[in-house]
Every structure is written in C-alpha cells, then in structure tokens.
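Dropping model_31.txt in here (compact mmCIF, C-alpha atoms and all ligand atoms):
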# COMPACT_ATOMS: atom_id res chain seq x y z
CA MET A 1267 58.50 85.20 107.50
CA LYS A 1268 59.75 88.39 105.91
CA LYS A 1269 61.50 90.83 108.29
CA ALA A 1270 62.94 94.31 107.81
CA TYR A 1271 65.44 96.44 109.71
CA ARG A 1272 65.75 100.22 109.40
CA ALA A 1273 69.10 101.84 110.26
CA SER A 1274 72.20 103.05 108.45
CA LEU A 1275 73.26 100.30 106.06
CA LEU A 1276 76.73 99.30 104.82
CA ARG A 1277 77.17 97.06 101.77
CA PHE A 1278 79.76 96.61 99.01
CA ASP A 1279 79.28 96.68 95.25
CA ASP A 1280 80.77 94.12 92.85
CA ALA A 1281 83.95 96.21 92.54
CA GLY A 1282 84.44 96.18 96.31
CA GLN A 1283 83.42 99.80 96.77
CA PRO A 1284 81.32 100.65 99.83
CA VAL A 1285 77.65 101.52 99.42
CA PHE A 1286 76.22 103.37 102.41
CA ASP A 1287 72.67 104.45 103.09
CA THR A 1288 72.34 106.76 106.09
CA ASP A 1289 68.67 105.86 106.35
CA GLY A 1290 68.67 102.32 104.99
CA LEU A 1291 66.35 99.36 104.94
CA LEU A 1292 67.38 95.70 104.97
CA VAL A 1293 64.69 93.15 104.07
CA VAL A 1294 65.26 89.44 104.75
CA ALA A 1295 63.06 86.43 104.04
CA PRO A 1296 63.43 82.63 103.90
CA ASP A 1297 64.47 81.07 100.57
CA ALA A 1298 62.98 77.86 99.15
CA GLN A 1299 64.98 75.82 101.67
CA GLY A 1300 63.89 78.07 104.54
CA ARG A 1301 67.26 79.84 104.94
CA GLU A 1302 66.97 83.57 105.66
CA ARG A 1303 68.47 85.67 102.87
CA VAL A 1304 68.61 89.32 101.97
CA VAL A 1305 65.79 89.99 99.50
CA ASP A 1306 66.10 93.77 99.27
CA ALA A 1307 68.44 96.47 100.54
CA GLY A 1308 68.94 100.17 99.98
CA SER A 1309 67.64 103.52 101.10
CA HIS A 1310 64.48 103.39 103.17
CA GLY A 1311 62.74 105.72 100.75
CA ALA A 1312 63.38 103.44 97.78
CA VAL A 1313 62.96 100.03 99.41
CA GLN A 1314 60.03 100.49 101.83
CA PRO A 1315 57.35 101.02 99.10
CA ARG A 1316 58.27 97.61 97.63
CA HIS A 1317 57.43 95.91 100.94
CA PRO A 1318 54.24 97.48 102.27
CA ASP A 1319 53.46 94.19 104.06
CA VAL A 1320 56.31 94.43 106.55
CA ALA A 1321 56.81 96.77 109.51
CA PRO A 1322 60.55 97.37 109.95
CA GLU A 1323 62.34 97.17 113.28
CA HIS A 1324 63.66 100.70 113.69
CA LEU A 1325 67.20 100.97 115.04
CA PRO A 1326 68.00 104.70 115.22
CA GLY A 1327 71.67 105.59 115.46
CA ARG A 1328 72.75 102.07 114.55
CA ILE A 1329 74.59 100.65 111.50
CA LEU A 1330 73.64 97.39 109.79
CA ALA A 1331 76.75 95.73 108.36
CA PRO A 1332 77.74 92.31 106.98
CA GLY A 1333 78.98 89.77 109.52
CA PHE A 1334 82.77 89.58 109.54
CA VAL A 1335 84.57 86.65 107.89
CA ASP A 1336 87.73 85.39 109.63
CA MET A 1337 89.88 83.59 107.06
CA HIS A 1338 92.22 81.85 109.50
CA ILE A 1339 91.88 80.98 113.17
CA HIS A 1340 92.64 78.01 115.44
CA PHE A 1341 89.79 77.05 117.74
CA PRO A 1342 92.00 74.80 119.94
CA GLN A 1343 94.23 77.81 120.63
CA THR A 1344 91.45 79.82 122.26
CA ASP A 1345 93.02 79.33 125.69
CA ILE A 1346 96.61 80.10 124.67
CA ILE A 1347 95.91 83.55 123.27
CA GLY A 1348 98.54 85.89 124.72
CA ALA A 1349 101.15 83.19 125.46
CA PRO A 1350 104.68 84.65 125.67
CA ALA A 1351 107.34 83.00 123.48
CA ASP A 1352 110.47 83.76 121.45
CA GLY A 1353 108.87 83.54 118.03
CA LEU A 1354 106.95 80.93 116.08
CA LEU A 1355 108.84 77.68 116.57
CA PRO A 1356 109.30 77.98 120.41
CA TRP A 1357 105.67 79.12 120.67
CA LEU A 1358 104.51 75.97 118.87
CA GLU A 1359 106.66 73.72 121.06
CA ASN A 1360 105.96 75.32 124.45
CA TYR A 1361 102.31 76.29 124.20
CA THR A 1362 100.52 75.17 121.06
CA PHE A 1363 101.30 71.47 120.92
CA PRO A 1364 100.68 70.85 124.67
CA ALA A 1365 97.34 72.68 124.45
CA GLU A 1366 96.29 70.84 121.30
CA THR A 1367 97.08 67.42 122.81
CA ARG A 1368 94.06 67.81 125.10
CA PHE A 1369 91.66 67.82 122.12
CA ALA A 1370 91.87 64.04 121.87
CA GLU A 1371 89.18 64.21 124.58
CA PRO A 1372 85.72 64.82 123.06
CA ALA A 1373 84.46 66.54 126.23
CA HIS A 1374 87.31 69.05 126.19
CA SER A 1375 86.79 69.68 122.46
CA ALA A 1376 83.09 70.25 123.00
CA GLU A 1377 83.61 72.67 125.88
CA VAL A 1378 86.18 74.79 124.02
CA ALA A 1379 84.07 74.73 120.82
CA GLU A 1380 81.25 76.51 122.68
CA VAL A 1381 83.59 79.10 124.18
CA PHE A 1382 85.17 79.67 120.77
CA LEU A 1383 81.87 80.18 118.92
CA ASP A 1384 80.61 82.46 121.71
CA GLU A 1385 83.72 84.60 121.26
CA LEU A 1386 83.38 84.74 117.46
CA LEU A 1387 79.75 85.85 117.66
CA ARG A 1388 80.40 88.34 120.48
CA HIS A 1389 82.96 89.96 118.19
CA GLY A 1390 80.71 89.95 115.13
CA VAL A 1391 82.41 87.10 113.25
CA THR A 1392 79.74 85.01 111.54
CA THR A 1393 81.95 82.74 109.40
CA SER A 1394 85.46 81.45 109.96
CA LEU A 1395 87.89 79.11 108.27
CA THR A 1396 89.18 77.34 111.34
CA PHE A 1397 91.95 74.90 112.19
CA ALA A 1398 90.91 72.07 114.52
CA THR A 1399 93.61 69.69 115.83
CA SER A 1400 94.90 66.39 114.47
CA HIS A 1401 92.20 64.57 116.48
CA PRO A 1402 88.98 63.84 114.54
CA ALA A 1403 87.08 64.43 117.81
CA SER A 1404 88.00 68.11 117.66
CA VAL A 1405 86.43 68.41 114.19
CA ASP A 1406 83.26 66.59 115.22
CA ALA A 1407 82.90 68.85 118.25
CA LEU A 1408 83.27 72.11 116.34
CA PHE A 1409 81.02 71.10 113.45
CA ALA A 1410 78.32 69.89 115.87
CA ALA A 1411 78.44 73.12 117.86
CA ALA A 1412 78.33 75.32 114.73
CA GLN A 1413 75.48 73.25 113.29
CA ARG A 1414 73.39 73.78 116.43
CA ARG A 1415 73.91 77.54 116.02
CA GLN A 1416 73.20 77.33 112.26
CA MET A 1417 76.50 79.06 111.51
CA ARG A 1418 78.41 78.84 108.25
CA LEU A 1419 81.77 77.42 109.32
CA ILE A 1420 84.66 75.61 107.66
CA THR A 1421 87.14 73.44 109.53
CA GLY A 1422 89.23 70.30 109.20
CA LYS A 1423 91.45 67.79 110.94
CA VAL A 1424 95.09 68.87 111.02
CA LEU A 1425 97.50 66.62 109.12
CA GLN A 1426 100.93 66.41 110.78
CA ASP A 1427 102.73 63.07 110.58
CA ARG A 1428 106.29 64.19 111.34
CA HIS A 1429 108.32 66.75 113.29
CA SER A 1430 105.52 66.88 115.83
CA PRO A 1431 105.49 65.57 119.40
CA ASP A 1432 103.53 62.58 120.70
CA GLY A 1433 99.94 63.57 121.32
CA VAL A 1434 99.47 65.63 118.17
CA ARG A 1435 101.43 63.65 115.57
CA ASP A 1436 99.20 61.49 113.37
CA GLU A 1437 99.90 58.46 111.16
CA THR A 1438 99.97 58.89 107.39
CA GLU A 1439 97.46 56.33 106.12
CA ARG A 1440 95.08 56.75 109.03
CA SER A 1441 95.17 60.57 108.80
CA LEU A 1442 94.07 60.47 105.16
CA ALA A 1443 91.33 57.93 105.82
CA ASP A 1444 90.08 60.02 108.77
CA THR A 1445 90.05 63.11 106.55
CA GLU A 1446 87.98 61.43 103.86
CA ASP A 1447 85.58 60.06 106.47
CA LEU A 1448 85.10 63.56 107.94
CA ILE A 1449 84.53 65.00 104.44
CA ARG A 1450 81.79 62.44 103.79
CA ARG A 1451 80.11 63.07 107.12
CA TRP A 1452 80.27 66.87 107.30
CA HIS A 1453 81.09 68.63 104.02
CA GLY A 1454 78.03 70.42 102.63
CA VAL A 1455 75.82 69.46 105.57
CA ASP A 1456 73.69 72.50 106.41
CA ARG A 1457 76.14 75.43 106.29
CA LEU A 1458 79.28 73.43 107.09
CA GLY A 1459 82.30 72.97 104.86
CA TYR A 1460 85.40 70.81 105.14
CA ALA A 1461 88.97 72.06 104.76
CA ILE A 1462 91.84 69.65 104.04
CA THR A 1463 94.35 70.90 106.59
CA PRO A 1464 98.08 70.11 106.44
CA ARG A 1465 99.50 72.11 109.37
CA PHE A 1466 102.43 73.34 107.25
CA ALA A 1467 104.81 71.59 104.88
CA PRO A 1468 107.56 70.85 107.47
CA THR A 1469 105.22 68.76 109.65
CA SER A 1470 103.99 66.51 106.84
CA THR A 1471 105.83 63.76 104.98
CA GLU A 1472 105.76 63.79 101.20
CA ALA A 1473 103.34 60.86 101.35
CA GLN A 1474 100.92 62.83 103.51
CA LEU A 1475 101.10 65.91 101.29
CA ARG A 1476 100.59 63.77 98.20
CA GLY A 1477 97.59 62.10 99.82
CA ALA A 1478 96.17 65.49 100.79
CA GLY A 1479 96.53 66.68 97.20
CA GLU A 1480 94.73 63.58 95.95
CA LEU A 1481 91.87 64.20 98.37
CA ALA A 1482 91.73 67.82 97.21
CA ALA A 1483 91.39 66.68 93.60
CA ARG A 1484 88.76 64.06 94.45
CA HIS A 1485 86.67 66.47 96.53
CA ALA A 1486 87.02 69.58 94.38
CA ASP A 1487 84.63 71.84 96.29
CA THR A 1488 86.28 71.31 99.68
CA TRP A 1489 88.67 73.93 101.01
CA ILE A 1490 92.40 73.55 101.67
CA GLN A 1491 94.06 75.46 104.49
CA SER A 1492 97.65 75.66 105.68
CA HIS A 1493 100.44 78.11 106.55
CA VAL A 1494 103.25 79.43 104.38
CA ALA A 1495 106.20 81.84 104.57
CA GLU A 1496 105.42 83.15 108.04
CA ASN A 1497 108.97 83.72 109.24
CA LYS A 1498 112.47 83.27 107.89
CA ASP A 1499 113.51 80.32 110.11
CA GLU A 1500 110.45 78.42 108.96
CA VAL A 1501 111.11 79.28 105.29
CA LYS A 1502 114.69 78.03 105.62
CA TRP A 1503 113.53 74.79 107.24
CA ALA A 1504 110.93 74.15 104.52
CA ARG A 1505 113.51 74.82 101.79
CA GLU A 1506 115.88 72.27 103.36
CA LEU A 1507 113.16 69.63 103.63
CA PHE A 1508 111.91 70.13 100.07
CA PRO A 1509 114.98 71.13 98.03
CA ALA A 1510 113.37 70.15 94.72
CA SER A 1511 110.62 72.77 94.98
CA ARG A 1512 111.21 76.26 93.58
CA SER A 1513 110.16 77.94 96.83
CA TYR A 1514 108.36 77.15 100.07
CA LEU A 1515 105.04 78.03 98.42
CA GLY A 1516 106.04 75.87 95.45
CA VAL A 1517 105.99 72.80 97.73
CA TYR A 1518 102.22 73.08 98.01
CA ASP A 1519 101.87 73.50 94.25
CA ASP A 1520 104.05 70.43 93.67
CA PHE A 1521 101.65 68.33 95.76
CA GLY A 1522 98.41 69.60 94.18
CA LEU A 1523 97.49 71.85 97.08
CA MET A 1524 97.01 75.14 95.24
CA ARG A 1525 93.65 75.75 93.64
CA GLU A 1526 90.45 77.72 94.13
CA ARG A 1527 89.37 77.51 97.78
CA ALA A 1528 92.96 76.91 98.94
CA VAL A 1529 93.87 79.40 101.67
CA TYR A 1530 97.36 79.96 103.08
CA ALA A 1531 97.93 81.96 106.24
CA HIS A 1532 100.67 84.63 106.33
CA CYS A 1533 102.30 84.66 102.84
CA ILE A 1534 104.85 87.20 104.06
CA HIS A 1535 108.23 86.12 102.64
CA PHE A 1536 107.20 85.86 98.99
CA ASP A 1537 108.79 86.89 95.72
CA ASP A 1538 106.87 87.89 92.62
CA GLU A 1539 106.97 84.36 91.23
CA ASP A 1540 105.16 83.20 94.36
CA ARG A 1541 102.61 85.99 93.92
CA GLN A 1542 102.10 85.02 90.29
CA LEU A 1543 101.57 81.41 91.35
CA MET A 1544 98.92 82.52 93.86
CA ARG A 1545 97.16 84.45 91.10
CA ALA A 1546 97.43 81.72 88.47
CA THR A 1547 95.99 79.07 90.78
CA ARG A 1548 93.30 81.35 92.36
CA THR A 1549 94.81 80.54 95.76
CA ALA A 1550 94.14 83.01 98.60
CA ALA A 1551 96.25 84.52 101.38
CA ALA A 1552 94.83 84.85 104.89
CA VAL A 1553 96.63 87.95 106.14
CA SER A 1554 97.06 87.71 109.92
CA PRO A 1555 98.54 91.01 111.10
CA THR A 1556 98.06 90.82 114.89
CA SER A 1557 99.72 87.41 114.86
CA ASN A 1558 102.57 88.59 112.65
CA LEU A 1559 103.23 91.60 114.89
CA PHE A 1560 102.91 89.51 118.08
CA LEU A 1561 105.34 86.82 116.91
CA GLY A 1562 107.59 89.29 115.09
CA SER A 1563 107.26 87.36 111.85
CA GLY A 1564 107.29 90.19 109.33
CA PHE A 1565 104.95 92.44 107.37
CA PHE A 1566 102.53 91.24 104.67
CA ASP A 1567 103.15 93.10 101.40
CA PHE A 1568 99.74 94.55 100.51
CA GLU A 1569 101.26 96.51 97.62
CA GLY A 1570 102.62 93.30 96.11
CA ALA A 1571 99.29 91.53 96.55
CA GLN A 1572 97.39 94.37 94.86
CA ARG A 1573 99.97 94.80 92.09
CA VAL A 1574 99.97 91.13 91.12
CA ASP A 1575 96.28 90.98 92.01
CA TYR A 1576 95.93 87.71 93.87
CA LEU A 1577 93.18 86.87 96.35
CA HIS A 1578 93.70 87.93 99.96
CA GLY A 1579 91.67 88.84 103.01
CA LEU A 1580 92.02 89.33 106.75
CA ALA A 1581 92.30 86.85 109.60
CA SER A 1582 92.86 86.87 113.35
CA ASP A 1583 95.04 83.74 113.60
CA VAL A 1584 94.11 83.36 117.26
CA GLY A 1585 96.03 82.07 119.31
CA GLY A 1586 99.13 83.52 117.55
CA GLY A 1587 96.86 86.49 116.92
CA THR A 1588 96.05 88.62 119.93
CA SER A 1589 92.36 89.34 119.44
CA PHE A 1590 89.13 87.87 118.14
CA SER A 1591 88.08 91.42 117.26
CA PRO A 1592 87.91 92.28 113.55
CA PHE A 1593 88.42 95.91 114.54
CA HIS A 1594 91.80 95.06 116.09
CA THR A 1595 92.72 92.98 113.04
CA MET A 1596 91.79 95.80 110.63
CA LEU A 1597 93.82 98.31 112.65
CA ALA A 1598 96.83 95.97 112.72
CA ALA A 1599 96.45 95.51 108.95
CA TYR A 1600 96.61 99.27 108.60
CA TYR A 1601 99.87 99.39 110.63
CA VAL A 1602 101.33 96.55 108.54
CA GLY A 1603 100.28 98.24 105.30
CA ARG A 1604 101.94 101.51 106.39
CA GLU A 1605 105.28 99.84 107.21
CA GLY A 1606 107.58 101.00 104.43
CA GLN A 1607 111.09 99.93 105.44
CA THR A 1608 111.04 96.26 104.41
CA LYS A 1609 108.53 96.60 101.55
CA PRO A 1610 106.50 99.37 99.87
CA GLY A 1611 104.30 101.15 102.44
CA LEU A 1612 100.76 102.19 101.61
CA SER A 1613 97.68 103.53 103.40
CA LEU A 1614 94.81 101.07 103.08
CA ALA A 1615 91.49 102.93 102.92
CA PRO A 1616 89.17 102.17 105.86
CA SER A 1617 86.52 100.81 103.47
CA ARG A 1618 89.16 98.59 101.86
CA LEU A 1619 90.16 97.18 105.27
CA TRP A 1620 86.50 96.52 106.01
CA TRP A 1621 85.99 94.85 102.61
CA LEU A 1622 89.02 92.63 103.20
CA HIS A 1623 87.32 91.30 106.36
CA THR A 1624 83.82 90.85 104.83
CA ALA A 1625 83.01 90.65 101.10
CA GLY A 1626 86.67 90.42 100.10
CA ALA A 1627 87.29 87.57 102.51
CA ALA A 1628 84.16 85.85 101.16
CA GLN A 1629 85.52 86.25 97.62
CA ALA A 1630 88.85 84.76 98.70
CA LEU A 1631 86.96 81.77 100.13
CA GLY A 1632 84.94 81.31 96.94
CA LEU A 1633 81.75 82.45 98.70
CA THR A 1634 80.91 85.66 96.85
CA GLY A 1635 77.17 86.27 96.90
CA THR A 1636 76.73 83.82 99.78
CA ILE A 1637 78.21 85.64 102.78
CA GLY A 1638 80.19 88.79 103.62
CA ASN A 1639 77.80 91.26 102.03
CA LEU A 1640 74.24 92.49 102.33
CA GLN A 1641 73.26 92.49 98.68
CA PRO A 1642 70.11 90.61 97.66
CA GLY A 1643 70.73 86.85 97.59
CA CYS A 1644 73.27 86.82 100.42
CA GLU A 1645 72.57 84.74 103.50
CA ALA A 1646 71.30 87.06 106.22
CA ASP A 1647 74.31 87.02 108.56
CA PHE A 1648 74.57 90.61 109.75
CA LEU A 1649 75.54 92.91 112.59
CA VAL A 1650 73.88 95.77 114.39
CA LEU A 1651 76.72 98.15 115.24
CA ASP A 1652 76.57 100.93 117.83
CA PRO A 1653 78.92 103.74 116.72
CA SER A 1654 78.39 105.50 120.05
CA ALA A 1655 79.42 102.51 122.18
CA THR A 1656 82.14 104.46 124.00
CA PRO A 1657 82.33 108.21 124.80
CA LEU A 1658 85.24 109.00 122.47
CA LEU A 1659 83.84 106.86 119.66
CA ALA A 1660 80.49 108.65 120.01
CA ARG A 1661 82.24 112.02 119.53
CA LYS A 1662 84.32 110.78 116.58
CA SER A 1663 81.30 109.18 114.89
CA ALA A 1664 79.14 112.25 115.35
CA ASN A 1665 81.83 114.45 113.80
CA ALA A 1666 82.74 112.15 110.92
CA ALA A 1667 82.50 114.13 107.69
CA SER A 1668 82.61 111.11 105.37
CA LEU A 1669 82.03 107.36 105.34
CA GLU A 1670 85.81 106.78 105.38
CA GLU A 1671 86.14 108.89 108.55
CA LEU A 1672 83.28 107.01 110.21
CA LEU A 1673 84.70 103.59 109.32
CA PHE A 1674 88.20 104.57 110.46
CA ALA A 1675 86.87 105.81 113.81
CA LEU A 1676 85.26 102.39 114.30
CA ILE A 1677 88.43 100.57 113.22
CA VAL A 1678 90.74 102.58 115.49
CA LEU A 1679 88.48 102.86 118.55
CA GLY A 1680 86.10 99.92 118.16
CA ASP A 1681 85.98 96.50 119.80
CA ASP A 1682 83.30 94.07 121.00
CA ARG A 1683 81.41 96.94 122.66
CA VAL A 1684 80.45 98.14 119.17
CA ILE A 1685 78.78 94.81 118.33
CA GLU A 1686 75.28 95.32 119.69
CA ARG A 1687 73.79 92.28 117.98
CA THR A 1688 75.05 89.45 115.77
CA VAL A 1689 72.31 87.92 113.63
CA ILE A 1690 72.79 84.45 112.08
CA ALA A 1691 70.66 83.51 109.07
CA ARG A 1692 68.17 81.01 110.45
CA ALA A 1693 66.53 78.15 108.61
CA GLY A 1694 62.92 77.27 109.32
ZN ZN A 1701 97.67 79.82 112.08
So, in terms of structure tokens, how does the structure I just supplied come out?
Amino acid sequence: MKKAYRASLLRFDDAGQPVFDTDGLLVVAPDAQGRERVVDAGSHGAVQPRHPDVAPEHLPGRILAPGFVDMHIHFPQTDIIGAPADGLLPWLENYTFPAETRFAEPAHSAEVAEVFLDELLRHGVTTSLTFATSHPASVDALFAAAQRRQMRLITGKVLQDRHSPDGVRDETERSLADTEDLIRRWHGVDRLGYAITPRFAPTSTEAQLRGAGELAARHADTWIQSHVAENKDEVKWARELFPASRSYLGVYDDFGLMRERAVYAHCIHFDDEDRQLMRATRTAAAVSPTSNLFLGSGFFDFEGAQRVDYLHGLASDVGGGTSFSPFHTMLAAYYVGREGQTKPGLSLAPSRLWWLHTAGAAQALGLTGTIGNLQPGCEADFLVLDPSATPLLARKSANAASLEELLFALIVLGDDRVIERTVIARAG
C-alpha cells in the first residue's frame, strides 16, 4: 500500500549535496517483490498533486531523513563499551577477547543480538557493517535477529587463527570452510549480506589470509571487512610479521583482500601510496573517530582522503567507540577533521558529515541507490527527527538561519532523544 509522510525532508543529490524541503513530502510504496521503496520525494506542493490517492501523515515540526549507515561496529562488544584500558592492544587482551569468548554459546549470542539491534534502531542506524566473533553461532544469531526485523545488515565470522587466546582463536581450514558455509546460507537472503572478516593481519596466518582472498574472489559480491593502521604499535607489529609487503595496508592487497566492497576500519597511519591503493582498488575506509579518540590511536586525515579521493564514511566502532549515536560520531569526526597539528586540519561542513554517515557510507559500501538516501528507488529506511527534542536544541533549531546551521545544531546537541521514529522498509 502506498503511504506518504509530510514534514521537512532531507535528501542528497548525486554529487553528495544536501537537498532540503522545508515542507516536503515522502511517498513510499511496495516494489514488485513487496519491499517498501521511495517512489517520490520533494516539496509538498510539487509532489502531492502526483499522488491524489494518498492522504499523507502530517508530522509538523519534524524532519524526515535517511536512516544512518554505520560502516564498522562490533555487536559482541556491546557490553564492553566504555571499558578502561591503556590503548588498543591491552584493551583487546583484557576486555575484548574475554567478552567475545562467550559468543560460542548460541543463547548468549541471541540475547546480545537483540540488545544490539535495539540500540542501533533507537539511535537511528538502519544498516550496519558489523563484526561478529570467530564463532559461527554469533553470525547465525545476528543474521536471524536482523532478518526477523527485516533490516539490511552485513556481518561475518571473524577469522583469527594466531596471536589470539584460547576461546576466540580459530583453526585455518575449518575457519575457511565455516565462512563459505555461512556465505551460502546467508548472503543475499532477504536484506542480509556476508562480509569476509579477518580481524586484522597480525591475528591471521598467511594461509588464512590467502584463503580469505580466494573466498573473496569466488564470491565477488560479498563484502570484506577488517582493520588497518589504527595505531603505531599495531603498524609496527604488522610490518614485522609481513616484511615483504610494502606497507601494512599492502598486506591486504598482497592477499587479494582489496576490492570494491572491501572496508577497512581506521586507516589513520597512511602515506599517499596507501591512499592511492585505496582509490585504485575502490576500497573504503570506515572512519571511527570516537574510538580513535577514546583509545588515543590518532586522527584520520580527511584532507588526504578528499585530495586522493578514495571512498570513506563514518562508523561508531563500538565497543572501542563510545557511542551508538551517529550524532556523537559526526561531532567526533568534526573534532578529528579540525585537528591540524599532526596532519592538515579542515572544517567538515555539517551536511558533509551527515552525508558521510548516510548516502556517502552507502556509496562506500557499494549500496548507492539502495540505502542511505531518500531519492526515488531507495529502500524506505528513514527517520523522523525531532529538532526540538531538548530545550537548547529547540532554541538553536528555531534560530537556525541556514540548513548548515540546523544540521550542525543537531550534530552538536543531538542524541537518541532526537530520533522520534526509525522506520524499516517492510516487505509484504
Ligand atoms: Zn573495530
């Protein structure tokens, strides 16, 4: 059944520029498969006459916006958000690996999967590229929970066959067979997608990385996700383990793990050859600023990414990241962009930050025109935002003289209280 919503309406054009209708109309209807998609969008005055058959739901004072896309998050780390540690490697050893060990139990995986998806939706995140753990049960649990909610979600079993403690370490041959089995059972089912998931180069043997690259070639429309160049200790370790590769990033290229739909979290300690390699292979960076600030890892070089023009978008990286909220992530990205002592500093426009967490993130995932925007054809995952959710935000929103001022007020002052409703595109 066709439905329409009347409120202010935020979209992005093909160049990534914001399109804003103060009095907008969003029309959604099921496609041939029954999935709800945007069929028309624009100013109420222009769009309403084309749909005289539908009475819009009127949402005065509200903003319709695309659901946020989180390019990198760990669902098994939901409960270790905010864990104190001296940087990345101690944090992994003391908190992450013990917590992840528990996901061998299907019941625990299933319980946390529900909490995790509740949190995403409460914060307005409608799609995420998500790490599971090395246990296939964790992948089954998250896919099953997302499928019940009809969400578009991408995840995969972590590959880590060395330098990992008992309980999370897997076995090379078995890990690759499990991965291929999960791909066959879940990839492309409803709105679910599989990501081949080496944790990071230091925790995989060459045989496991080679096997992962072979799977990535055999299943060309799957995703690949991993971490790279997060902090300097980790970079040094990776360089020692793989001395033949030109750089830490080059390790992934050497094993066939850079291509379209490959997404690497962090990408901080790069040189221009690394950036060129990202561009040449259409590989994307998942920029995770709250995590990088929390763990003291460094500052992503937005100027370098724009100058070389490789794909990148925003991510929470919970539990290294400190919030599920895209507003907190966008604000942290602004801080990181401004930092000008270790790299060129720049002021990211509020609409650019927003794009990097919606349509830009979708582009980086190879999902342009499917999610992250509210142009006709997109799946109807959208948010109803309340720009007067708190007293100070209400004043700032009312006084905003431009779209950029309005979006920045939301980014600086907003959180889950702004998310009045999260709508997932239903089928049937
Ligand atoms: Zn991560």
Residues near Ile1685 (chain A), cut-off 10 Å, all atoms listed in the file, skip fewer than 3 positions along chain, as a list of chain:residue names: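 Contacts, in chain order: A:Ile1329, A:Leu1387, A:Arg1388, A:His1389, A:Gly1390, A:Val1391, A:Ser1591, A:Leu1649, A:Val1650, A:Leu1651, A:Asp1652, A:Pro1653, A:Ala1655, A:Gly1680, A:Asp1681, A:Asp1682, A:Thr1688.
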Given only C-alpha atoms and all ligand atoms as the counted atoms, nearest of A:Val1501, A:Ala1321, A:Leu1475, A:Ile1347 to ligand ZN 1701 (chain A):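 Under the stated criterion, the closest residue is A:Ile1347.
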Exercise answer, 8 Å around ligand ZN 1701 (chain A) with all atoms listed in the file, as a compact mmCIF listing (two decimals) with C-alpha atoms, in the frame of the given file:
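Once written, part.txt looks like this:
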# COMPACT_ATOMS: atom_id res chain seq x y z
CA HIS A 1338 92.22 81.85 109.50
CA ILE A 1339 91.88 80.98 113.17
CA HIS A 1340 92.64 78.01 115.44
CA PHE A 1397 91.95 74.90 112.19
CA SER A 1492 97.65 75.66 105.68
CA HIS A 1493 100.44 78.11 106.55
CA ALA A 1531 97.93 81.96 106.24
CA ASP A 1583 95.04 83.74 113.60
CA VAL A 1584 94.11 83.36 117.26
CA GLY A 1585 96.03 82.07 119.31
CA GLY A 1586 99.13 83.52 117.55
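Distances from A:Ser1394, A:Ala1504, A:Asp1436, A:His1535 to Leu1458 (chain A) were compared using all atoms listed in the file, and the smallest one belongs to A:Ser1394.
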Residue contacts of Ala1625 (chain A) (8 Å, all atoms listed in the file) excluding same-chain residues fewer than 4 positions away, as a list in words: Phe1278, Gly1282, Trp1621, Gln1629, Thr1634, Ile1637, Gly1638 and Asn1639 of chain A
Residue list as a ChimeraX atom specification for point (73.4, 77.5, 118.1), cut-off 12 Å, all atoms listed in the file: /A:1379-1381,1383-1384,1387,1392,1408-1418,1689-1693
CA of Ser1404 (chain A) to CA of Val1529 (chain A), distance in Å rounded to a single decimal: 20.4 Å
Residues within 12 Å of Ala1312 (chain A), only C-alpha atoms, excluding chain neighbours under 6 positions, as a VMD selection string: chain A and resid 1287 1289 to 1292 1306 1318
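Among the candidates A:Ala1495, A:Val1320, A:Leu1330, A:Leu1669, the residue lying nearest to Ala1646 (chain A) is A:Leu1330 (atoms considered: all atoms listed in the file).
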Edge lengths and centre in Å to one decimal, as lines of an AutoDock Vina configuration file, is what I'm after for the box along x, y and z that holds all listed atoms of region 1609-1623 of chain A once 4 Å is added on each side.
center_x = 97.3
center_y = 97.4
center_z = 103.1
size_x = 30.5
size_y = 20.2
size_z = 14.5
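All protein, DNA and RNA residues at most 7 Å from (88.6, 63.5, 111.4) are His1401, Pro1402, Ala1403, Val1405, Lys1423, Asp1444, Thr1445, Asp1447 and Leu1448 of chain A, using only C-alpha atoms.
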Distance query Leu1561 (chain A) at most 12 Å, all atoms listed in the file, self and fewer than 3 positions along chain excluded, as a tab-separated table (two decimals) with C-alpha atoms, in the coordinates of the input:
chain	number	residue	atom	x	y	z
A	1347	ILE	CA	95.91	83.55	123.27
A	1348	GLY	CA	98.54	85.89	124.72
A	1349	ALA	CA	101.15	83.19	125.46
A	1350	PRO	CA	104.68	84.65	125.67
A	1351	ALA	CA	107.34	83.00	123.48
A	1352	ASP	CA	110.47	83.76	121.45
A	1353	GLY	CA	108.87	83.54	118.03
A	1354	LEU	CA	106.95	80.93	116.08
A	1355	LEU	CA	108.84	77.68	116.57
A	1356	PRO	CA	109.30	77.98	120.41
A	1357	TRP	CA	105.67	79.12	120.67
A	1358	LEU	CA	104.51	75.97	118.87
A	1496	GLU	CA	105.42	83.15	108.04
A	1497	ASN	CA	108.97	83.72	109.24
A	1532	HIS	CA	100.67	84.63	106.33
A	1554	SER	CA	97.06	87.71	109.92
A	1555	PRO	CA	98.54	91.01	111.10
A	1556	THR	CA	98.06	90.82	114.89
A	1557	SER	CA	99.72	87.41	114.86
A	1558	ASN	CA	102.57	88.59	112.65
A	1564	GLY	CA	107.29	90.19	109.33
A	1565	PHE	CA	104.95	92.44	107.37
A	1583	ASP	CA	95.04	83.74	113.60
A	1584	VAL	CA	94.11	83.36	117.26
A	1585	GLY	CA	96.03	82.07	119.31
A	1586	GLY	CA	99.13	83.52	117.55
A	1587	GLY	CA	96.86	86.49	116.92
A	1588	THR	CA	96.05	88.62	119.93
Distance of CA of Val1517 (chain A) from CA of Glu1480 (chain A), expressed in Å to one decimal place: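 Value for the CA of Glu1480 (chain A)-CA of Val1517 (chain A) distance: 14.7 Å.
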Residue with smallest distance to Ser1563 (chain A) - pool A:Ala1664, A:Asp1499, A:Tyr1530, A:Cys1644, counting all atoms listed in the file: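 Closest to Ser1563 (chain A) of all the choices is A:Asp1499.
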